[in-house]
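Asker: What follows is a single structure, and I will ask about it in a moment.
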Amino acid sequence: MNAAFERFTPRQRTYATAAAIALVSLATGYGLSMLGGDSSGEELGADTGCDEVLYWYDPMVPDQRFDEPGKSPFMDMQLVPKCAGGGAQAGEGVSISSTQVQNFGIRTAEAEYGVLEPDVSVTGTLAYNGSEVAIVQPRAGGFVQRTYGHAPQDLITRGAPIVDLLIPEWGGAQQEFLAVAATGDAALTNAARQRLRLLGMPEGVISSVARSGRPQSTITVTAPQSGAITSLGIRPGMTVMAGQSLAEISGYSPIWLEAAVPEALAGSARVGQPVSATLTAFPGERFAGRIIAILPSAQDTSRTITVRAAMLNPGLRLKPGMFAQVTLAPERRETLLVPSEAVIRTGE
């Protein structure tokens, strides 16, 4: 080999020497890298934090076990030791670095017991209070002498005059009562007074006739309660009969709220249950009430159950016919709670 080397030109000898040096360097580096890999593996096996290692595994494939440490054949990550005491270097389950947690936007929360109140939101309409409706009727037939300018849907207060009626029948009966009272016979006077009552004459009119000594055949019919005039059937000069409906007055304080609850949610409604409502007329305000009745029949077209609630109406701000968004609060019950975004919905 030396003879062959001597036959090379000086330039060829230089190239051959450089190639030999390169080969020696590569061999030396490979050997050192192999030795370094072994020592790092030994250090990894020694620095496990376990008194005794049962096996090594990939957290992403925990069912596959390995006898020695190293890189996982499945993922680009180091194997994790399983300690004899039941622990692991990275803990049970999947270990995710803080960088991955930040990149994925992962957050954790504890499952805890609490009160679950899923609200039921439906639509509703305000209505007159059907339990506070007064029908105004005359107790005897007569003639309308005067009306007081009322019209349907007008607001009226209790005791306000509605109509003046002339009742001729009462005039003759009052004359007889005054004649009997003039005799001073108490028994006959009481009998005459009772006859006036049977004719439908109010006690106030009878007392007024007895004090003044003059017949009073014209009576003023007043409103028996406050509310809105939902029906008015009188005109000046008309003749009315006993028991004829002159007016209808409906109250709306408290006001009724009638909500349409779907059949699927009807089981969550009960009498006495609190409700709240919001109205377009009063943005940002919430009005409270309670269910007073669940109507017995369902609507054929919408398949809904009508739930009736009573709400206070101070100042009569709430008007019948207004549209409302109604929230029904179900019964309070304690259960295990988790964040809704943590639930995987499978459709089953």
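Here, A, B, ... name the chains of the structure tokens in the order displayed, residue numbers run from 1 inside each chain, and ligands are numbered from 1 in the same displayed order.
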Would you mind writing down, as number ranges by chain, each residue of range 34-208 of chain A that DSSP on the backbone assigns to strand (DSSP E or B)?

Answerer: A: 53-58, 61-66, 71, 78, 80-83, 88, 112-116, 120-136, 142-147, 155-156, 161-166

Asker: When you count only C-alpha atoms, which of these residues is closest to Gly237 in chain A: A:Ala298, A:Met311, A:Val136, A:Val163?

Answerer: A:Val163

Asker: Could you list, as a list of chain:residue names, every residue within 9 Å of Arg303 in chain A, counting only C-alpha atoms and ignoring same-chain residues fewer than 2 positions away?

Answerer: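 Counting only C-alpha atoms, the residues come to A:Val261, A:Pro262, A:Glu263, A:Ala298, A:Gln299, A:Asp300, A:Thr301, A:Ile305.
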
Asker: I'd like to know which of A:Val101, A:Val144, A:Val80, A:Ala342 is closest to Val240 in chain A, using only C-alpha atoms.

Answerer: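 Among A:Val101, A:Val144, A:Val80, A:Ala342, it is A:Val144 that comes nearest to Val240 in chain A.
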
Asker: Name the closest residue to Thr306 in chain A among the candidates A:Val61, A:Leu336, A:Val122, A:Ile249; distances are taken between atoms, counting only C-alpha atoms.

Answerer: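 Among the listed residues, the smallest separation from Thr306 in chain A belongs to A:Val122.
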
Asker: Considering only C-alpha atoms, return as a list in words whatever protein or nucleic-acid residues lie within 9 Å of Leu54 in chain A, sequence-local ones (same chain, fewer than 6 positions apart) excluded.

Answerer: Asp67, Pro81, Lys82, Cys83 and Ala84 of chain A

Asker: With a distance cut-off of 8 Å and only C-alpha atoms, select the neighbouring residues of Glu248 in chain A, excluding the residue or stretch itself and same-chain residues fewer than 5 positions from it, and output the selection as a VMD selection string.

Answerer: chain A and resid 133 to 136 229 to 232

Asker: Work out how far apart CA of Gln137 in chain A and CA of Ala223 in chain A are and give it in Å to one decimal.

Answerer: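 Distance between the two atoms: 10.5 Å.
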
Asker: Would you list the contacts of Gly200 in chain A as a PyMOL selection string, taking every protein, DNA or RNA residue within 12 Å and counting only C-alpha atoms, but skipping same-chain residues closer than 5 positions in sequence?

Answerer: chain A and resi 137-141+167+169-170+173+193-195+205-206+219+242-243

Asker: Could those selected residues go to a file with C-alpha atoms, as a compact mmCIF listing (two decimals), in the first residue's frame?

Answerer:
# COMPACT_ATOMS: atom_id res chain seq x y z
CA GLN A 137 -128.07 45.90 36.27
CA PRO A 138 -131.16 47.89 37.37
CA ARG A 139 -133.31 46.39 40.14
CA ALA A 140 -136.49 47.69 38.51
CA GLY A 141 -137.64 48.73 35.04
CA ILE A 167 -138.42 54.27 38.01
CA GLU A 169 -143.03 52.12 40.26
CA TRP A 170 -140.90 53.32 43.13
CA ALA A 173 -144.51 52.74 46.82
CA ARG A 193 -140.17 49.66 54.58
CA GLN A 194 -139.81 45.95 53.88
CA ARG A 195 -142.01 46.30 50.80
CA VAL A 205 -132.71 55.59 49.01
CA ILE A 206 -135.21 54.37 51.62
CA ILE A 219 -131.92 56.74 41.14
CA ALA A 242 -135.19 44.85 35.58
CA GLY A 243 -132.09 42.68 35.33

Asker: Expressed in Å to a single decimal, how great is the separation between CA of Thr99 in chain A and CA of Leu79 in chain A?

Answerer: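 The value is 19.4 Å.
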
Asker: If we count only C-alpha atoms, what is near Gly315 in chain A at a cut-off of 12 Å, once residues fewer than 5 positions away on the same chain are taken out, given as a list in words?

Answerer: Tyr252, Ser253, Pro254 and Ile255 of chain A
